[in-house]
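Trainee: Structure file start.csv, CSV, C-alpha atoms and all ligand atoms, is pasted below:
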```
chain,number,residue,atom,x,y,z
A,1,MET,CA,0.0,0.0,0.0
A,2,ASP,CA,1.2,3.5,-0.8
A,3,ASN,CA,2.7,5.1,2.3
A,4,SER,CA,0.7,8.3,2.2
A,5,ILE,CA,-2.6,6.4,1.9
A,6,SER,CA,-1.6,4.1,4.8
A,7,SER,CA,-0.6,7.0,7.0
A,8,SER,CA,-3.9,8.9,6.3
A,9,LEU,CA,-5.8,5.7,7.0
A,10,LYS,CA,-4.0,5.4,10.3
A,11,LYS,CA,-4.9,9.0,11.2
A,12,ILE,CA,-8.6,8.2,10.5
A,13,LYS,CA,-8.4,5.1,12.6
A,14,VAL,CA,-6.8,7.0,15.5
A,15,ALA,CA,-9.4,9.8,15.2
A,16,TRP,CA,-12.2,7.2,15.4
A,17,ARG,CA,-10.7,5.1,18.1
A,18,LYS,CA,-12.9,5.6,21.0
A,19,LYS,CA,-14.9,3.6,23.4
A,20,SER,CA,-17.0,1.1,21.4
A,21,ASN,CA,-20.5,1.4,22.6
A,22,LEU,CA,-23.9,1.5,20.9
A,23,ALA,CA,-24.1,5.3,21.1
A,24,SER,CA,-20.8,5.8,19.2
A,25,ILE,CA,-21.8,3.2,16.6
A,26,SER,CA,-25.2,4.9,16.2
A,27,GLN,CA,-23.5,8.2,15.7
A,28,ASP,CA,-21.1,6.8,13.1
A,29,TRP,CA,-23.8,4.7,11.5
A,30,PRO,CA,-24.2,6.4,8.1
A,31,ASN,CA,-20.4,6.5,7.8
A,32,LEU,CA,-20.1,2.9,8.7
A,33,VAL,CA,-22.7,1.3,6.5
A,34,GLY,CA,-23.6,4.0,4.0
A,35,GLU,CA,-26.5,6.4,3.8
A,36,LYS,CA,-28.9,4.0,2.2
A,37,LEU,CA,-28.4,1.1,4.6
A,38,ALA,CA,-28.4,3.6,7.5
A,39,GLN,CA,-31.9,4.7,6.6
A,40,ASN,CA,-33.2,1.2,6.7
A,41,CYS,CA,-31.2,-0.6,9.3
A,42,THR,CA,-30.5,0.4,12.9
A,43,PRO,CA,-27.9,-0.8,15.4
A,44,LEU,CA,-30.1,-2.1,18.3
A,45,ALA,CA,-27.7,-3.6,20.8
A,46,LEU,CA,-24.1,-4.3,21.6
A,47,LYS,CA,-23.3,-7.1,23.9
A,48,GLY,CA,-20.1,-9.0,24.4
A,49,GLY,CA,-18.8,-7.6,21.1
A,50,ILE,CA,-21.8,-8.8,19.2
A,51,LEU,CA,-23.7,-6.0,17.4
A,52,THR,CA,-27.4,-6.6,16.7
A,53,ILE,CA,-28.7,-4.8,13.7
A,54,GLY,CA,-32.4,-4.4,13.0
A,55,ALA,CA,-33.6,-4.2,9.4
A,56,SER,CA,-36.8,-2.4,8.6
A,57,HIS,CA,-37.7,-4.7,5.8
A,58,PRO,CA,-37.0,-8.3,4.8
A,59,GLN,CA,-35.2,-7.0,1.7
A,60,TRP,CA,-32.9,-4.9,3.8
A,61,ARG,CA,-32.3,-7.8,6.1
A,62,GLN,CA,-31.1,-9.8,3.1
A,63,ALA,CA,-28.9,-6.9,2.0
A,64,LEU,CA,-27.3,-6.8,5.5
A,65,ILE,CA,-26.7,-10.5,5.4
A,66,TYR,CA,-25.0,-10.3,2.0
A,67,THR,CA,-22.8,-7.4,3.1
A,68,ARG,CA,-22.1,-8.8,6.6
A,69,ILE,CA,-18.4,-9.3,6.0
A,70,GLN,CA,-17.9,-5.8,4.6
A,71,LEU,CA,-19.9,-4.3,7.5
A,72,LEU,CA,-17.8,-6.2,10.0
A,73,GLU,CA,-14.6,-4.9,8.3
A,74,SER,CA,-16.0,-1.4,8.1
A,75,LEU,CA,-16.8,-1.4,11.9
A,76,ARG,CA,-13.4,-2.9,12.8
A,77,SER,CA,-11.4,-0.5,10.6
A,78,SER,CA,-13.3,2.3,12.3
A,79,GLY,CA,-12.0,1.2,15.7
A,80,HIS,CA,-15.1,-0.6,16.9
A,81,LYS,CA,-14.2,-3.9,18.4
A,82,ILE,CA,-17.0,-6.0,17.0
A,83,LYS,CA,-16.7,-9.8,17.1
A,84,ASP,CA,-19.8,-10.6,15.1
A,85,LEU,CA,-23.0,-9.2,13.7
A,86,ARG,CA,-26.5,-10.4,14.5
A,87,ILE,CA,-29.1,-9.4,12.0
A,88,GLN,CA,-32.8,-9.3,12.8
A,89,GLN,CA,-36.1,-8.0,11.5
A,90,TYR,CA,-37.0,-4.8,13.3
A,91,TYR,CA,-40.2,-2.8,13.1
A,92,PRO,CA,-39.7,0.7,14.3
A,93,GLN,CA,-42.7,1.8,16.4
A,94,LYS,CA,-43.1,5.1,14.7
A,95,ILE,CA,-44.3,3.2,11.6
A,96,THR,CA,-47.4,2.0,13.4
A,97,LYS,CA,-50.2,4.4,12.9
A,98,ILE,CA,-53.9,4.1,13.3
A,99,GLU,CA,-55.7,4.1,10.0
A,100,THR,CA,-59.3,5.0,9.5
A,101,GLU,CA,-61.6,2.5,8.1
A,102,LYS,CA,-62.1,4.5,5.0
A,103,SER,CA,-58.3,4.5,4.2
A,104,ILE,CA,-58.2,0.8,4.7
A,105,TRP,CA,-61.1,0.5,2.3
A,106,ASP,CA,-59.5,2.8,-0.2
A,107,LYS,CA,-56.2,0.8,-0.1
A,108,HIS,CA,-57.9,-2.6,-0.6
A,109,PRO,CA,-59.8,-2.6,-3.9
A,110,SER,CA,-59.2,-6.3,-4.0
A,111,ARG,CA,-62.1,-6.6,-1.6
A,112,ILE,CA,-64.3,-5.9,-4.5
A,113,ASN,CA,-64.7,-9.4,-5.9
A,114,SER,CA,-66.7,-11.3,-8.4
A,115,THR,CA,-69.3,-12.4,-5.9
A,116,GLY,CA,-70.9,-9.0,-6.5
A,117,LEU,CA,-71.2,-5.9,-4.4
A,118,LYS,CA,-74.1,-4.2,-2.8
A,119,ILE,CA,-74.4,-1.0,-0.9
A,120,CYS,CA,-74.2,-1.4,2.9
A,121,LYS,CA,-77.2,0.4,4.5
A,122,SER,CA,-75.2,1.5,7.5
A,123,CYS,CA,-72.2,3.2,5.9
A,124,GLN,CA,-73.4,3.6,2.3
A,125,LYS,CA,-70.2,1.9,0.9
A,126,PRO,CA,-70.1,-1.0,-1.4
A,127,ALA,CA,-69.6,-4.4,0.3
A,128,PRO,CA,-69.6,-8.0,-0.8
A,129,SER,CA,-73.2,-9.1,-1.0
A,130,GLY,CA,-72.4,-12.2,1.1
A,131,GLU,CA,-71.5,-10.0,4.1
A,132,LEU,CA,-74.7,-8.0,3.7
A,133,LEU,CA,-76.7,-11.2,3.5
A,134,ARG,CA,-75.1,-12.6,6.6
A,135,TRP,CA,-75.1,-9.6,8.9
A,136,ASN,CA,-77.4,-7.2,7.1
A,137,LYS,CA,-74.3,-4.9,7.1
A,138,CYS,CA,-70.7,-4.9,5.8
A,139,SER,CA,-67.9,-6.4,7.8
A,140,PHE,CA,-66.6,-3.0,8.8
A,141,CYS,CA,-69.9,-2.0,10.3
A,142,ARG,CA,-70.2,-5.5,11.8
A,143,ARG,CA,-66.8,-5.0,13.5
A,144,ILE,CA,-67.9,-1.6,14.8
A,145,GLU,CA,-71.1,-3.1,16.1
A,146,LEU,CA,-69.2,-5.9,17.9
A,147,SER,CA,-66.7,-3.5,19.4
A,148,GLN,CA,-69.4,-1.4,21.0
A,201,ZN,ZN,-71.1,-0.7,6.3
```
Using structure tokens, write down the structure from this file.
Ligand SMILES: [Zn+2]

Mentor:
Amino acid sequence: MDNSISSSLKKIKVAWRKKSNLASISQDWPNLVGEKLAQNCTPLALKGGILTIGASHPQWRQALIYTRIQLLESLRSSGHKIKDLRIQQYYPQKITKIETEKSIWDKHPSRINSTGLKICKSCQKPAPSGELLRWNKCSFCRRIELSQ
């Protein structure tokens, strides 16, 4: 390796050599794994040198598994003493939000099926005729009725 490169790498390593804890890894996270991974994967825990990373989506979990060796090298060369990585699916709580029944309906046009639709008398929305026949109202209205 070229001397000037190796000495500047050394400087970077020295600058980044600090106590390896979850907070410092979280802080360096975009530098360590890259912006794109950092947005979709989060360092969750560091215990006994094993870093647990949570991925927001199965695809990102796969991406993490494929780049595991590079990630380990990146962490180590940045001065973090990581023995191994553990990768798991992680659902950030902020994603959870309460949806209105209407938005659920709007997002699920597949509910409209070949069995035919009729208008629910309670909410004036189209509903499978089977539901109306069974409960005299659509499944949404039925659910509201049951929860009362
Ligand atoms: Zn209804």

Trainee: Would you give me, as CSV, each residue of chain A having an atom within 6 Å of an atom of ligand ZN 201 (chain A), along with its shortest atom pair and that distance in Å to one decimal, using only C-alpha atoms and all ligand atoms and sorting by chain and residue number?

Mentor:
```
residue,atom,partner,partner_atom,distance
A:Cys120,CA,A:ZN201,ZN,4.7
A:Ser122,CA,A:ZN201,ZN,4.8
A:Cys123,CA,A:ZN201,ZN,4.1
A:Lys137,CA,A:ZN201,ZN,5.3
A:Cys138,CA,A:ZN201,ZN,4.2
A:Phe140,CA,A:ZN201,ZN,5.6
A:Cys141,CA,A:ZN201,ZN,4.4
```

Trainee: Which residues are close to Asp84 (chain A), i.e. within 10 Å by only C-alpha atoms, leaving aside same-chain residues fewer than 4 positions away? Reply as JSON, numbers by chain.

Mentor: {"A": [48, 49, 50, 51, 52, 68, 69, 71, 72]}

Trainee: Using only C-alpha atoms, find the one residue out of A:Gln70, A:Arg86, A:Trp60, A:Ile65 that sits nearest to Ala45 (chain A).

Mentor: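 Of A:Gln70, A:Arg86, A:Trp60, A:Ile65, the one nearest Ala45 (chain A), counting only C-alpha atoms, is A:Arg86.
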
Trainee: Would you kindly return, as an MDAnalysis selection string, each protein, DNA or RNA residue with an atom no farther than 12 Å from any atom of Thr67 (chain A), considering all atoms listed in the file and excluding same-chain residues fewer than 4 positions away?

Mentor: chainID A and resid 33:34 37 60:63 71:74 85 87

Trainee: Hey, can you check how far CA of His57 (chain A) sits from CA of Ala38 (chain A)?

Mentor: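 For CA of His57 (chain A) relative to CA of Ala38 (chain A), the distance reads 12.6 Å.
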
Trainee: Rounded to one decimal, what separation in Å do you get between CA of Tyr91 (chain A) and CA of Ser56 (chain A)?

Mentor: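 CA of Ser56 (chain A) lies at a distance of 5.7 Å from CA of Tyr91 (chain A).
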
Trainee: Can you work out the spacing between CA of Pro58 (chain A) and CA of Gln39 (chain A) in Å, to one decimal?

Mentor: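 These atoms are spaced 14.1 Å apart.
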
Trainee: Nearest to Leu22 (chain A) among A:Leu75, A:Gln88, A:Gln124, A:Asn40, with distances taken over only C-alpha atoms: which residue is it?

Mentor: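 Residue with the minimum atom-to-atom distance to Leu22 (chain A): A:Leu75.
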
Trainee: For Trp29 (chain A), which of A:Lys118, A:Lys47, A:Arg143, A:His80 is the closest residue, counting all atoms listed in the file?

Mentor: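 Using all atoms listed in the file, Trp29 (chain A) sits closest to A:His80.
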
Trainee: Ranking A:Ile53, A:Ala23, A:Leu46, A:Leu133 by minimum distance to Ile82 (chain A) and counting all atoms listed in the file, which one comes first?

Mentor: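 Of all the options, A:Leu46 lies closest to Ile82 (chain A).
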